[in-house]
>>> print(open('final_28.txt').read())   # compact mmCIF, C-alpha atoms and all ligand atoms
# COMPACT_ATOMS: atom_id res chain seq x y z
CA MET A 1076 -10.94 20.42 -22.29
CA THR A 1077 -9.66 16.86 -21.89
CA ASN A 1078 -7.31 15.65 -24.56
CA LYS A 1079 -9.36 12.64 -25.60
CA LEU A 1080 -6.73 11.26 -27.89
CA THR A 1081 -3.98 10.99 -25.30
CA ILE A 1082 -5.83 9.78 -22.20
CA LYS A 1083 -5.51 6.03 -21.74
CA ILE A 1084 -8.61 4.58 -20.11
CA LEU A 1085 -8.96 1.14 -18.57
CA VAL A 1086 -12.41 -0.23 -17.76
CA LEU A 1087 -12.51 -3.01 -15.18
CA ASP A 1088 -15.86 -4.73 -14.72
CA ASP A 1089 -16.68 -8.41 -14.38
CA GLU A 1090 -19.97 -8.12 -16.27
CA PRO A 1091 -19.49 -8.44 -20.05
CA PHE A 1092 -22.61 -6.44 -20.76
CA ALA A 1093 -21.51 -3.53 -18.58
CA LEU A 1094 -18.08 -3.57 -20.24
CA LYS A 1095 -19.62 -3.40 -23.68
CA LEU A 1096 -21.97 -0.59 -22.69
CA THR A 1097 -19.24 1.54 -21.14
CA SER A 1098 -16.88 1.00 -24.06
CA ARG A 1099 -19.59 2.09 -26.53
CA MET A 1100 -20.29 5.19 -24.45
CA LEU A 1101 -16.59 6.06 -24.37
CA ALA A 1102 -16.29 5.61 -28.14
CA ASN A 1103 -19.31 7.87 -28.67
CA LEU A 1104 -17.74 10.48 -26.43
CA GLY A 1105 -14.58 10.42 -28.58
CA TYR A 1106 -12.24 8.45 -26.27
CA ASN A 1107 -10.43 5.91 -28.38
CA SER A 1108 -7.58 4.62 -26.26
CA VAL A 1109 -9.65 2.25 -24.15
CA THR A 1110 -8.75 -1.18 -22.72
CA LEU A 1111 -11.39 -3.50 -21.30
CA CYS A 1112 -10.67 -6.03 -18.55
CA ASP A 1113 -13.10 -8.39 -16.86
CA ASN A 1114 -10.84 -9.27 -13.89
CA GLY A 1115 -8.33 -7.62 -11.58
CA ARG A 1116 -5.31 -9.72 -12.58
CA ALA A 1117 -5.62 -8.78 -16.26
CA ALA A 1118 -6.04 -5.12 -15.32
CA LEU A 1119 -2.91 -5.18 -13.13
CA GLU A 1120 -0.93 -6.51 -16.08
CA GLN A 1121 -1.92 -3.37 -17.97
CA VAL A 1122 -0.91 -1.21 -15.02
CA ASP A 1123 2.46 -2.97 -14.86
CA SER A 1124 3.22 -2.36 -18.51
CA ALA A 1125 4.94 0.97 -19.16
CA GLU A 1126 3.31 1.13 -22.59
CA HIS A 1127 -0.29 0.46 -21.56
CA ARG A 1128 -0.35 1.96 -18.05
CA PRO A 1129 -3.73 3.76 -17.84
CA ASP A 1130 -4.24 7.42 -16.88
CA MET A 1131 -7.77 6.71 -15.76
CA ILE A 1132 -9.43 3.56 -14.48
CA LEU A 1133 -13.20 3.08 -14.45
CA LEU A 1134 -13.47 0.60 -11.64
CA ASP A 1135 -16.42 -1.58 -10.72
CA LEU A 1136 -16.44 -2.17 -6.97
CA ASN A 1137 -18.32 -5.46 -6.83
CA MET A 1138 -16.42 -8.23 -8.54
CA PRO A 1139 -16.32 -11.89 -7.49
CA GLU A 1140 -12.56 -12.63 -7.36
CA MET A 1141 -10.54 -9.51 -6.68
CA ASP A 1142 -13.01 -6.79 -5.72
CA GLY A 1143 -12.52 -3.08 -6.33
CA ILE A 1144 -11.11 -2.35 -2.87
CA GLU A 1145 -8.49 -5.07 -3.14
CA PHE A 1146 -7.63 -3.85 -6.63
CA VAL A 1147 -6.99 -0.36 -5.23
CA ARG A 1148 -4.65 -1.87 -2.68
CA HIS A 1149 -2.61 -3.39 -5.53
CA LEU A 1150 -2.55 -0.02 -7.28
CA VAL A 1151 -1.13 1.58 -4.14
CA GLU A 1152 1.65 -1.02 -4.03
CA ARG A 1153 2.42 -0.17 -7.65
CA ARG A 1154 2.41 3.58 -6.94
CA TYR A 1155 -0.31 4.20 -9.48
CA THR A 1156 -0.39 7.93 -10.24
CA GLY A 1157 -3.49 8.11 -12.43
CA SER A 1158 -7.12 8.66 -11.46
CA ILE A 1159 -10.01 6.34 -10.64
CA ILE A 1160 -13.73 6.68 -11.24
CA LEU A 1161 -15.70 4.22 -9.12
CA LEU A 1162 -18.73 2.45 -10.54
CA SER A 1163 -21.17 0.46 -8.50
CA GLY A 1164 -24.68 -0.75 -8.19
CA GLU A 1165 -24.44 -0.08 -4.46
CA ASP A 1166 -26.10 2.87 -2.79
CA GLU A 1167 -24.67 6.37 -2.52
CA HIS A 1168 -23.41 5.80 1.03
CA MET A 1169 -21.35 2.78 0.03
CA LEU A 1170 -19.85 4.64 -2.94
CA GLN A 1171 -18.97 7.59 -0.72
CA ALA A 1172 -17.22 5.29 1.76
CA ALA A 1173 -15.23 3.64 -1.04
CA GLU A 1174 -14.34 7.06 -2.45
CA ASN A 1175 -13.03 8.15 0.95
CA LEU A 1176 -10.95 5.02 1.14
CA VAL A 1177 -9.34 5.65 -2.23
CA HIS A 1178 -8.69 9.27 -1.22
CA THR A 1179 -6.83 8.09 1.87
CA HIS A 1180 -4.45 6.25 -0.48
CA LYS A 1181 -3.82 9.62 -2.15
CA ILE A 1182 -5.21 8.44 -5.48
CA LYS A 1183 -7.24 11.03 -7.39
CA VAL A 1184 -10.98 10.31 -7.61
CA PRO A 1185 -12.85 12.81 -9.79
CA GLY A 1186 -16.04 11.11 -8.57
CA SER A 1187 -18.09 7.96 -8.58
CA LEU A 1188 -21.07 6.78 -10.59
CA GLN A 1189 -24.02 4.69 -9.61
CA LYS A 1190 -25.02 2.12 -12.18
CA PRO A 1191 -26.63 2.36 -14.68
CA VAL A 1192 -24.07 4.90 -15.90
CA THR A 1193 -25.33 7.67 -18.18
CA PRO A 1194 -23.15 9.20 -20.95
CA GLU A 1195 -23.71 12.73 -19.55
CA LYS A 1196 -22.45 11.88 -16.08
CA LEU A 1197 -19.53 9.89 -17.42
CA ALA A 1198 -18.55 12.71 -19.78
CA ALA A 1199 -18.69 15.26 -16.94
CA LEU A 1200 -16.33 13.21 -14.77
CA LEU A 1201 -13.90 12.44 -17.57
CA GLU A 1202 -13.70 16.13 -18.42
CA LYS A 1203 -12.21 16.68 -14.95
CA TRP A 1204 -9.15 14.61 -15.83
CA VAL A 1205 -5.85 16.46 -15.76
CA PRO A 1206 -2.52 14.81 -16.62
CA SER A 1207 -0.79 13.71 -13.44
CA PRO A 1208 2.35 15.75 -12.74
CA GLN A 1209 3.95 12.52 -11.53
CA ALA A 1210 3.03 10.51 -14.61
CA GLY A 1211 6.38 11.21 -16.26
CA ALA A 1212 8.21 10.42 -13.04
CA ALA A 1213 6.40 7.11 -12.69
CA GLU A 1214 7.48 6.08 -16.15
CA ALA A 1215 11.01 7.04 -15.25
CA VAL A 1216 11.01 4.49 -12.38
CA LYS A 1217 13.19 1.72 -13.63
CA ILE A 1218 11.61 -1.71 -13.62
CA HIS A 1219 14.11 -4.18 -12.23
CA GLY A 1220 14.21 -7.78 -13.34
CA ALA A 1221 14.35 -11.01 -11.34
CA ASP A 1222 17.95 -11.81 -12.38
CA GLU A 1223 19.11 -8.42 -11.22
CA LEU A 1224 17.36 -8.92 -7.88
CA ARG A 1225 18.84 -12.40 -7.48
CA ALA A 1226 22.33 -10.94 -8.01
CA ALA A 1227 21.58 -8.08 -5.63
CA ILE A 1228 20.62 -10.50 -2.84
CA ALA A 1229 23.80 -12.51 -3.42
CA ASN A 1230 25.99 -9.36 -3.57
CA GLY A 1231 24.69 -7.92 -0.32
CA GLU A 1232 22.95 -4.93 -1.90
CA LEU A 1233 19.92 -5.32 0.39
CA VAL A 1234 20.12 -3.25 3.57
CA ASN A 1235 17.84 -3.17 6.57
CA TYR A 1236 16.32 0.08 7.77
CA TYR A 1237 14.59 0.26 11.14
CA GLN A 1238 11.53 2.27 12.13
CA PRO A 1239 10.79 2.85 15.83
CA LYS A 1240 7.58 1.72 17.54
CA VAL A 1241 6.71 3.80 20.59
CA GLU A 1242 4.08 3.81 23.33
CA PRO A 1243 1.86 6.90 22.87
CA ALA A 1244 0.93 6.97 26.56
CA THR A 1245 4.54 7.35 27.73
CA GLY A 1246 6.77 7.86 24.69
CA TRP A 1247 8.73 4.71 25.58
CA VAL A 1248 10.59 3.25 22.59
CA MET A 1249 9.59 -0.40 22.76
CA GLY A 1250 11.05 -1.69 19.53
CA VAL A 1251 11.69 -1.34 15.82
CA GLU A 1252 10.31 -2.75 12.58
CA THR A 1253 12.83 -3.94 10.02
CA LEU A 1254 12.14 -2.58 6.53
CA VAL A 1255 14.33 -3.76 3.70
CA ARG A 1256 15.78 -1.48 1.02
CA TRP A 1257 17.81 -2.23 -2.07
CA ARG A 1258 20.82 0.03 -2.30
CA HIS A 1259 21.18 -0.16 -6.06
CA PRO A 1260 24.68 0.62 -7.38
CA THR A 1261 23.36 2.96 -10.10
CA ASP A 1262 19.66 3.63 -9.42
CA GLY A 1263 19.95 4.72 -5.79
CA MET A 1264 17.56 3.50 -3.12
CA VAL A 1265 14.88 1.09 -4.33
CA TYR A 1266 11.87 0.55 -2.04
CA PRO A 1267 10.25 -2.80 -1.15
CA CYS A 1268 7.02 -2.07 -3.05
CA GLU A 1269 9.17 -2.33 -6.18
CA PHE A 1270 10.77 -5.67 -5.47
CA ILE A 1271 8.94 -7.77 -2.84
CA SER A 1272 6.28 -9.04 -5.25
CA LEU A 1273 9.03 -9.61 -7.82
CA ALA A 1274 10.84 -11.77 -5.26
CA GLU A 1275 7.61 -13.62 -4.47
CA THR A 1276 6.73 -14.40 -8.06
CA HIS A 1277 10.27 -15.51 -8.98
CA GLY A 1278 10.99 -17.83 -6.07
CA LEU A 1279 13.44 -15.39 -4.42
CA ILE A 1280 11.45 -14.51 -1.32
CA ASP A 1281 12.89 -17.30 0.84
CA GLU A 1282 16.42 -16.11 0.21
CA LEU A 1283 15.42 -12.48 0.64
CA THR A 1284 13.66 -13.05 3.98
CA ARG A 1285 16.56 -15.13 5.27
CA VAL A 1286 19.00 -12.33 4.43
CA VAL A 1287 16.76 -9.72 6.11
CA LEU A 1288 16.25 -11.89 9.22
CA THR A 1289 19.95 -12.72 9.52
CA GLY A 1290 20.89 -9.03 9.31
CA ALA A 1291 18.15 -7.98 11.73
CA LEU A 1292 19.09 -10.52 14.40
CA ALA A 1293 22.79 -9.68 14.10
CA GLN A 1294 21.81 -6.04 14.62
CA ALA A 1295 19.58 -6.90 17.59
CA LYS A 1296 22.57 -8.65 19.19
CA ILE A 1297 24.64 -5.47 18.82
CA TRP A 1298 21.87 -3.38 20.42
CA TYR A 1299 21.47 -5.90 23.23
CA GLU A 1300 25.19 -5.81 23.98
CA ALA A 1301 24.99 -2.01 24.05
CA GLY A 1302 22.16 -2.22 26.61
CA LEU A 1303 19.29 -1.47 24.20
CA SER A 1304 16.74 -4.20 24.76
CA LEU A 1305 14.49 -3.49 21.76
CA GLN A 1306 11.76 -5.69 20.36
CA LEU A 1307 12.53 -6.54 16.75
CA ALA A 1308 9.83 -6.95 14.09
CA VAL A 1309 10.43 -8.47 10.66
CA ASN A 1310 7.97 -8.75 7.76
CA VAL A 1311 7.51 -12.23 6.39
CA SER A 1312 5.77 -13.20 3.23
CA ILE A 1313 3.02 -15.82 3.33
CA ASP A 1314 5.20 -17.88 0.95
CA ASN A 1315 7.93 -18.07 3.62
CA LEU A 1316 5.50 -19.80 5.93
CA ALA A 1317 4.96 -22.59 3.43
CA SER A 1318 8.56 -23.71 3.77
CA PRO A 1319 8.71 -26.50 6.41
CA ASP A 1320 12.04 -25.48 8.00
CA PHE A 1321 11.18 -21.79 8.40
CA ALA A 1322 10.29 -21.95 12.11
CA ASP A 1323 13.53 -23.82 12.91
CA PHE A 1324 15.54 -21.35 10.84
CA VAL A 1325 14.16 -18.38 12.80
CA ALA A 1326 14.65 -20.15 16.11
CA GLY A 1327 18.26 -21.00 15.21
CA LEU A 1328 19.05 -17.39 14.31
CA ALA A 1329 17.52 -15.98 17.50
CA ALA A 1330 19.34 -18.52 19.67
CA GLY A 1331 22.62 -17.77 17.86
CA ALA A 1332 22.18 -14.04 18.49
CA GLY A 1333 21.13 -14.55 22.11
CA VAL A 1334 17.83 -12.75 21.51
CA PRO A 1335 14.83 -14.19 23.40
CA PRO A 1336 11.99 -15.23 21.05
CA GLN A 1337 9.56 -13.04 23.00
CA LYS A 1338 11.52 -10.07 21.61
CA VAL A 1339 11.05 -11.10 17.98
CA VAL A 1340 7.84 -10.32 16.08
CA LEU A 1341 6.98 -11.80 12.71
CA GLU A 1342 4.53 -9.67 10.73
CA VAL A 1343 2.23 -11.17 8.11
CA SER A 1344 0.09 -8.93 5.92
CA GLU A 1345 -3.65 -9.53 6.36
CA SER A 1346 -4.29 -9.11 2.63
CA ARG A 1347 -2.04 -12.09 1.90
CA ILE A 1348 -3.65 -14.55 4.29
CA PRO A 1349 -5.41 -17.12 2.09
CA MET A 1350 -9.15 -17.41 2.54
CA ASP A 1351 -9.31 -21.08 1.63
CA ASP A 1352 -6.40 -23.36 2.49
CA LEU A 1353 -4.62 -22.12 5.57
CA ARG A 1354 -2.90 -25.40 6.44
CA ALA A 1355 0.73 -24.73 5.45
CA PRO A 1356 1.03 -21.18 6.87
CA LEU A 1357 -0.94 -22.13 9.95
CA GLU A 1358 1.42 -24.97 10.78
CA THR A 1359 4.48 -22.69 10.64
CA LEU A 1360 2.71 -19.90 12.55
CA THR A 1361 1.65 -22.31 15.28
CA ARG A 1362 5.16 -23.75 15.58
CA LEU A 1363 6.64 -20.25 15.81
CA ARG A 1364 4.11 -19.35 18.48
CA MET A 1365 4.95 -22.52 20.44
CA LYS A 1366 8.57 -21.46 20.37
CA ARG A 1367 7.38 -18.16 21.98
CA PHE A 1368 7.93 -15.88 18.97
CA ARG A 1369 5.35 -13.11 18.64
CA LEU A 1370 3.05 -13.02 15.63
CA SER A 1371 1.54 -9.90 14.16
CA ILE A 1372 -1.20 -9.36 11.61
CA ASP A 1373 0.00 -6.46 9.47
CA GLU A 1374 -1.84 -3.91 7.30
CA PHE A 1375 -5.02 -4.87 9.11
CA GLY A 1376 -8.13 -3.66 7.29
CA THR A 1377 -6.76 -4.34 3.82
CA GLY A 1378 -7.76 -8.02 3.81
CA ARG A 1379 -11.00 -9.76 4.49
CA SER A 1380 -10.29 -12.05 7.39
CA SER A 1381 -13.25 -12.91 9.53
CA LEU A 1382 -13.29 -12.96 13.32
CA THR A 1383 -13.51 -16.74 13.25
CA GLN A 1384 -10.45 -16.95 11.05
CA LEU A 1385 -8.53 -14.53 13.26
CA ARG A 1386 -9.43 -16.54 16.33
CA GLY A 1387 -7.95 -19.59 14.65
CA ILE A 1388 -4.49 -18.04 14.18
CA PRO A 1389 -2.49 -17.28 17.30
CA PHE A 1390 -1.69 -13.60 16.63
CA ASP A 1391 -0.35 -11.47 19.49
CA GLU A 1392 -0.43 -8.13 17.74
CA LEU A 1393 -2.60 -6.29 15.22
CA LYS A 1394 -1.22 -3.44 13.10
CA ILE A 1395 -3.86 -1.03 11.84
CA ASP A 1396 -3.10 -0.09 8.25
CA GLN A 1397 -1.87 3.45 7.72
CA SER A 1398 -4.86 4.27 5.50
CA PHE A 1399 -7.06 4.05 8.62
CA VAL A 1400 -4.72 6.00 10.87
CA HIS A 1401 -3.47 9.13 9.18
CA GLY A 1402 -6.22 11.74 9.09
CA ALA A 1403 -8.76 9.49 10.85
CA TRP A 1404 -9.60 12.31 13.26
CA SER A 1405 -10.89 14.41 10.33
CA ASN A 1406 -12.86 11.74 8.47
CA LYS A 1407 -15.76 9.82 10.02
CA THR A 1408 -15.47 6.80 7.71
CA VAL A 1409 -11.75 6.39 8.32
CA GLN A 1410 -12.16 6.90 12.07
CA ALA A 1411 -14.90 4.24 12.09
CA LYS A 1412 -12.53 1.76 10.46
CA TYR A 1413 -9.79 2.67 12.92
CA ASP A 1414 -12.17 2.27 15.89
CA ALA A 1415 -13.43 -1.07 14.56
CA SER A 1416 -9.88 -2.41 14.15
CA LEU A 1417 -9.04 -1.32 17.69
CA ALA A 1418 -12.18 -3.04 18.99
CA ILE A 1419 -11.39 -6.29 17.17
CA ALA A 1420 -7.89 -6.32 18.62
CA ARG A 1421 -9.26 -5.72 22.12
CA GLN A 1422 -11.81 -8.49 21.71
CA LEU A 1423 -9.12 -10.92 20.61
CA ASP A 1424 -6.74 -9.74 23.31
CA MET A 1425 -4.08 -8.51 20.91
CA GLU A 1426 -1.73 -5.57 21.29
CA VAL A 1427 -2.53 -2.80 18.79
CA VAL A 1428 -0.04 -0.82 16.72
CA ALA A 1429 -1.20 2.11 14.58
CA VAL A 1430 1.00 2.68 11.53
CA GLY A 1431 1.08 5.94 9.55
CA VAL A 1432 1.10 8.41 12.43
CA GLU A 1433 2.15 11.43 10.41
CA ASP A 1434 1.25 14.45 12.53
CA GLU A 1435 0.32 15.66 15.98
CA ASN A 1436 -3.42 15.19 15.33
CA ASP A 1437 -2.87 11.51 14.50
CA TRP A 1438 -0.74 11.14 17.61
CA ASP A 1439 -3.40 12.79 19.83
CA ASN A 1440 -6.05 10.52 18.31
CA LEU A 1441 -4.04 7.46 19.39
CA ARG A 1442 -3.56 8.81 22.88
CA ARG A 1443 -7.27 9.63 23.17
CA THR A 1444 -8.34 6.16 22.01
CA GLY A 1445 -5.79 4.28 24.11
CA CYS A 1446 -3.87 2.66 21.27
CA ASP A 1447 -0.93 0.62 22.63
CA LEU A 1448 1.79 1.48 20.13
CA ALA A 1449 2.49 3.97 17.36
CA GLN A 1450 4.67 3.98 14.30
CA GLY A 1451 4.97 6.71 11.67
CA TYR A 1452 6.79 9.67 10.21
CA TYR A 1453 5.67 11.93 13.09
CA ILE A 1454 7.81 9.78 15.37
CA ALA A 1455 10.56 8.76 12.92
CA LYS A 1456 11.08 7.59 9.36
CA PRO A 1457 12.82 4.24 8.84
CA MET A 1458 16.56 4.77 9.38
CA PRO A 1459 19.86 2.89 9.14
CA ALA A 1460 20.78 1.00 12.33
CA ALA A 1461 23.64 3.36 13.12
CA ASP A 1462 21.25 6.33 13.43
CA LEU A 1463 19.01 4.71 16.04
CA PRO A 1464 20.88 5.46 19.30
CA GLY A 1465 21.15 9.16 18.35
CA TRP A 1466 17.47 9.28 17.40
CA ILE A 1467 16.46 7.77 20.76
CA GLN A 1468 18.25 10.60 22.58
CA THR A 1469 16.53 13.26 20.46
CA TRP A 1470 13.16 11.56 20.92
CA GLN A 1471 13.54 11.37 24.68
CA ALA A 1472 14.36 15.08 24.77
CA ARG A 1473 11.29 15.78 22.58
CA MET A 1474 9.06 13.78 24.96
CA LYS A 1475 10.30 15.75 27.98
CA GLU A 1476 9.23 19.06 26.39
P1 LIG B 1 4.54 -2.46 6.19
O1 LIG B 1 5.05 -3.67 6.84
O2 LIG B 1 3.11 -2.10 6.41
O3 LIG B 1 5.50 -1.29 6.65
C1 LIG B 1 5.10 0.02 6.84
C2 LIG B 1 5.37 0.86 5.62
O4 LIG B 1 4.81 2.13 5.84
C3 LIG B 1 6.86 1.11 5.37
O5 LIG B 1 7.05 1.30 3.97
C4 LIG B 1 7.08 2.43 6.10
O6 LIG B 1 8.19 3.15 5.63
C5 LIG B 1 5.79 3.14 5.77
N1 LIG B 1 5.45 4.14 6.77
C6 LIG B 1 5.70 4.12 8.09
N2 LIG B 1 5.21 5.21 8.69
C7 LIG B 1 4.62 5.94 7.73
C8 LIG B 1 3.92 7.19 7.74
O7 LIG B 1 3.76 7.86 8.75
N3 LIG B 1 3.44 7.62 6.55
C9 LIG B 1 3.59 6.92 5.39
N4 LIG B 1 3.08 7.42 4.28
N5 LIG B 1 4.25 5.75 5.35
C10 LIG B 1 4.75 5.26 6.51
P2 LIG B 1 8.21 0.55 3.18
O8 LIG B 1 9.46 0.50 3.97
O9 LIG B 1 8.25 1.16 1.82
O10 LIG B 1 7.67 -0.92 3.11
C11 LIG B 1 6.52 -1.23 2.40
C12 LIG B 1 6.08 -2.63 2.62
O11 LIG B 1 7.01 -3.56 2.07
C13 LIG B 1 5.97 -3.02 4.10
O12 LIG B 1 4.74 -2.55 4.58
C14 LIG B 1 6.05 -4.52 4.01
O13 LIG B 1 4.79 -5.07 3.70
C15 LIG B 1 6.97 -4.73 2.82
N6 LIG B 1 8.30 -5.08 3.30
C16 LIG B 1 9.30 -4.30 3.77
N7 LIG B 1 10.37 -5.03 4.13
C17 LIG B 1 10.05 -6.33 3.89
C18 LIG B 1 10.73 -7.58 4.06
O14 LIG B 1 11.87 -7.67 4.55
N8 LIG B 1 10.05 -8.71 3.70
C19 LIG B 1 8.79 -8.66 3.19
N9 LIG B 1 8.19 -9.81 2.85
N10 LIG B 1 8.12 -7.51 3.02
C20 LIG B 1 8.74 -6.36 3.37
MG MG B 2 5.10 -4.50 8.57
>>> encode(input="final_28.txt", output="structure tokens", more="lines below")
Ligand code: C2E
Ligand code: MG
Amino acid sequence: MTNKLTIKILVLDDEPFALKLTSRMLANLGYNSVTLCDNGRAALEQVDSAEHRPDMILLDLNMPEMDGIEFVRHLVERRYTGSIILLSGEDEHMLQAAENLVHTHKIKVPGSLQKPVTPEKLAALLEKWVPSPQAGAAEAVKIHGADELRAAIANGELVNYYQPKVEPATGWVMGVETLVRWRHPTDGMVYPCEFISLAETHGLIDELTRVVLTGALAQAKIWYEAGLSLQLAVNVSIDNLASPDFADFVAGLAAGAGVPPQKVVLEVSESRIPMDDLRAPLETLTRLRMKRFRLSIDEFGTGRSSLTQLRGIPFDELKIDQSFVHGAWSNKTVQAKYDASLAIARQLDMEVVAVGVEDENDWDNLRRTGCDLAQGYYIAKPMPAADLPGWIQTWQARMKE
């Protein structure tokens, strides 16, 4: 039996009437810790607060600003450990597809409900709720503040890790992606999902990206001098592209390190590409492309860019988001999304990288579908620079077997 008094429920729906109806139903069913939100931003504030973080979210899929799918993406970034019940006026098929998608993010979905919701069906799903074993752990994650991050950047506490990108057809190690970590003096390793948005909202992302890029290009120079001619990818935030000297800064660093621009890839997350005013990022992207740097659209499938919009930005590479790669072979909906991403990349003449290759089945799926490049735990986890030459030897031996 669910402990109705302890479960914190958040209802997110843009329609005031639906919100009212659901909240009345919940009250009648005996659930009294309920928060109502009519937009995604407000709901994320609740998720971010240690005190109000919900155990269960009743999520409407169709909302005008941030829709349910985008909201889930934000939950993943925040390592949400609770459950989600999906609500929608859409048909069964659509709800099933959305449910699959949430599952791929490893978020628990007791089920979904077609609107209008009935108290019986809602009660049955809520009864399935069990406290998350990780809930305590999530609360234990320390929330770091902007001042602490600012000091960490200045004190050199950020370190670059590198994750290999390999060619599934041959096993050739073509390059690495730079992934930043914060080696915290007392809290251990802190991952980017806990501090990149903090840096973005507090005006620290320019400094952060410059530190990451400087370190990565210095490292590339060392690998070059040791005879390892790897392609180097770095993640950039959309905010970086708004700064007018960014393209010159990158070009200066690459020239200083003696690394040809063709060997440097700048990755921009699809979900962050603005739908409306593209002018500032587009100018920087075009200038970078003219200087022969490679541009990559990252986490593809998580945003909503149209073909026309993609055609308008000179991307060279498309990275299929890990939620459409791992386990695709066993799930028709996920495989369809993977296939569609691959087809879009082919149509736009971009190289395709699949991220999130976690096991042999994923790897075989890439080989079967002719994906250009692979990245994931099956190949290697992100590692410190010093470990890379040793890993390459082990990998080459593994490929020979
Ligand atoms: P991303 O660019 O999509 O990077 C891939 C993320 O997936 C990395 O997480 C990587 O460790 C993880 N990953 C790779 N293979 C697998 C796999 O097989 N299974 C699973 N479950 N995960 C896999 P990480 O390092 O935590 O980085 C998260 C995100 O933070 C990155 O996603 C990127 O968007 C952002 N990020 C990292 N470094 C930087 C940076 O220097 N600047 C900016 N702006 N963002 C960064
Ligand atoms: Mg990336």
>>> residues_around(input="final_28.txt", residues="A:Leu1328", least_positions_apart="4", cutoff="7 Å", atoms="all atoms listed in the file", output="number ranges by chain")
A: 1289, 1292, 1324, 1332
>>> residues_near_ligand(input="final_28.txt", ligand="ligand LIG 1 (chain B)", cutoff="7 Å", atoms="only C-alpha atoms and all ligand atoms", output="number ranges by chain")
A: 1253-1255, 1266-1268, 1271, 1284, 1287, 1309-1312, 1344, 1373-1374, 1396-1397, 1430-1433, 1450-1453, 1456-1457
>>> residues_near_point(input="final_28.txt", point="(6.9, 8.4, 24.6)", cutoff="12 Å", atoms="only C-alpha atoms", output="list in words")
Pro1239, Lys1240, Val1241, Glu1242, Pro1243, Ala1244, Thr1245, Gly1246, Trp1247, Val1248, Met1249, Trp1438, Arg1442, Asp1447, Leu1448, Ala1449, Gln1450, Ile1454, Ile1467, Gln1468, Thr1469, Trp1470, Gln1471, Ala1472, Arg1473, Met1474, Lys1475 and Glu1476 of chain A
>>> closest_residue(input="final_28.txt", among="A:Gln1121, A:Ser1187, A:Gln1294, A:Asn1107", to="A:Met1169", atoms="only C-alpha atoms")
A:Ser1187
>>> atom_distance(input="final_28.txt", atom1="atom CA of A:Thr1097", atom2="atom CA of A:Gln1171")
21.3 Å
>>> closest_residue(input="final_28.txt", among="A:Pro1091, A:Gly1231, A:Pro1191, A:Gly1164", to="A:Arg1256", atoms="all atoms listed in the file")
A:Gly1231
>>> atom_distance(input="final_28.txt", atom1="atom CA of A:Gly1186", atom2="atom CA of A:Val1205")
13.6 Å
>>> atom_distance(input="final_28.txt", atom1="atom CA of A:Pro1260", atom2="atom CA of A:Asn1235")
16.0 Å
>>> closest_residue(input="final_28.txt", among="A:Ser1371, A:Ser1405, A:Gln1306, A:Thr1179", to="ligand MG 2 (chain B)", atoms="all atoms listed in the file")
A:Ser1371
>>> residues_around(input="final_28.txt", residues="stretch 1435-1437 of chain A", least_positions_apart="2", cutoff="7 Å", atoms="all atoms listed in the file", output="list in words")
Val1400, His1401, Gly1402, Trp1404, Val1432, Glu1433, Asp1439, Asn1440 and Leu1441 of chain A
>>> residues_near_point(input="final_28.txt", point="(-0.5, -5.1, 18.5)", cutoff="7 Å", atoms="all atoms listed in the file", output="ChimeraX atom specification")
/A:1371,1391-1394,1425-1428
>>> closest_residue(input="final_28.txt", among="A:Val1177, A:Ile1182, A:Asp1142, A:Asp1462", to="A:Arg1154", atoms="all atoms listed in the file")
A:Ile1182
>>> residues_around(input="final_28.txt", residues="A:Glu1145", least_positions_apart="5", cutoff="10 Å", atoms="all atoms listed in the file", output="PyMOL selection string")
chain A and resi 1115+1136+1140+1150-1151+1346+1377-1379
>>> residues_around(input="final_28.txt", residues="stretch 1130-1134 of chain A", least_positions_apart="5", cutoff="6 Å", atoms="only C-alpha atoms", output="list in words")
Lys1083, Ile1084, Leu1085, Val1086, Leu1087, Gly1157, Ser1158, Ile1159, Ile1160, Leu1161 and Leu1162 of chain A
>>> closest_residue(input="final_28.txt", among="A:Leu1101, A:Leu1423, A:Ala1274, A:Val1251", to="ligand MG 2 (chain B)", atoms="only C-alpha atoms and all ligand atoms")
A:Val1251
>>> closest_residue(input="final_28.txt", among="A:Leu1360, A:Ala1317, A:Leu1307, A:Val1192", to="ligand MG 2 (chain B)", atoms="all atoms listed in the file")
A:Leu1307
>>> axis_aligned_box(input="final_28.txt", around="stretch 1369-1383 of chain A", padding_each_side="3 Å", output="JSON")
{"center_x": -4.1, "center_y": -10.2, "center_z": 11.2, "size_x": 24.9, "size_y": 19.1, "size_z": 20.8}
>>> build_atoms(input="final_28.txt", residues="stretch 1136-1140 of chain A", atoms="N, CA and C atoms", output="JSON list (two decimals), keeping the file's coordinate frame")
[["chain", "number", "residue", "atom", "x", "y", "z"],
["A", 1136, "LEU", "N", -16.81, -1.76, -8.33],
["A", 1136, "LEU", "CA", -16.44, -2.17, -6.97],
["A", 1136, "LEU", "C", -16.75, -3.64, -6.69],
["A", 1137, "ASN", "N", -17.90, -4.11, -7.20],
["A", 1137, "ASN", "CA", -18.32, -5.46, -6.83],
["A", 1137, "ASN", "C", -17.91, -6.47, -7.89],
["A", 1138, "MET", "N", -16.85, -7.19, -7.60],
["A", 1138, "MET", "CA", -16.42, -8.23, -8.54],
["A", 1138, "MET", "C", -16.13, -9.49, -7.72],
["A", 1139, "PRO", "N", -16.37, -10.67, -8.29],
["A", 1139, "PRO", "CA", -16.32, -11.89, -7.49],
["A", 1139, "PRO", "C", -14.92, -12.26, -6.99],
["A", 1140, "GLU", "N", -13.88, -12.17, -7.83],
["A", 1140, "GLU", "CA", -12.56, -12.63, -7.36],
["A", 1140, "GLU", "C", -11.88, -11.50, -6.59]]
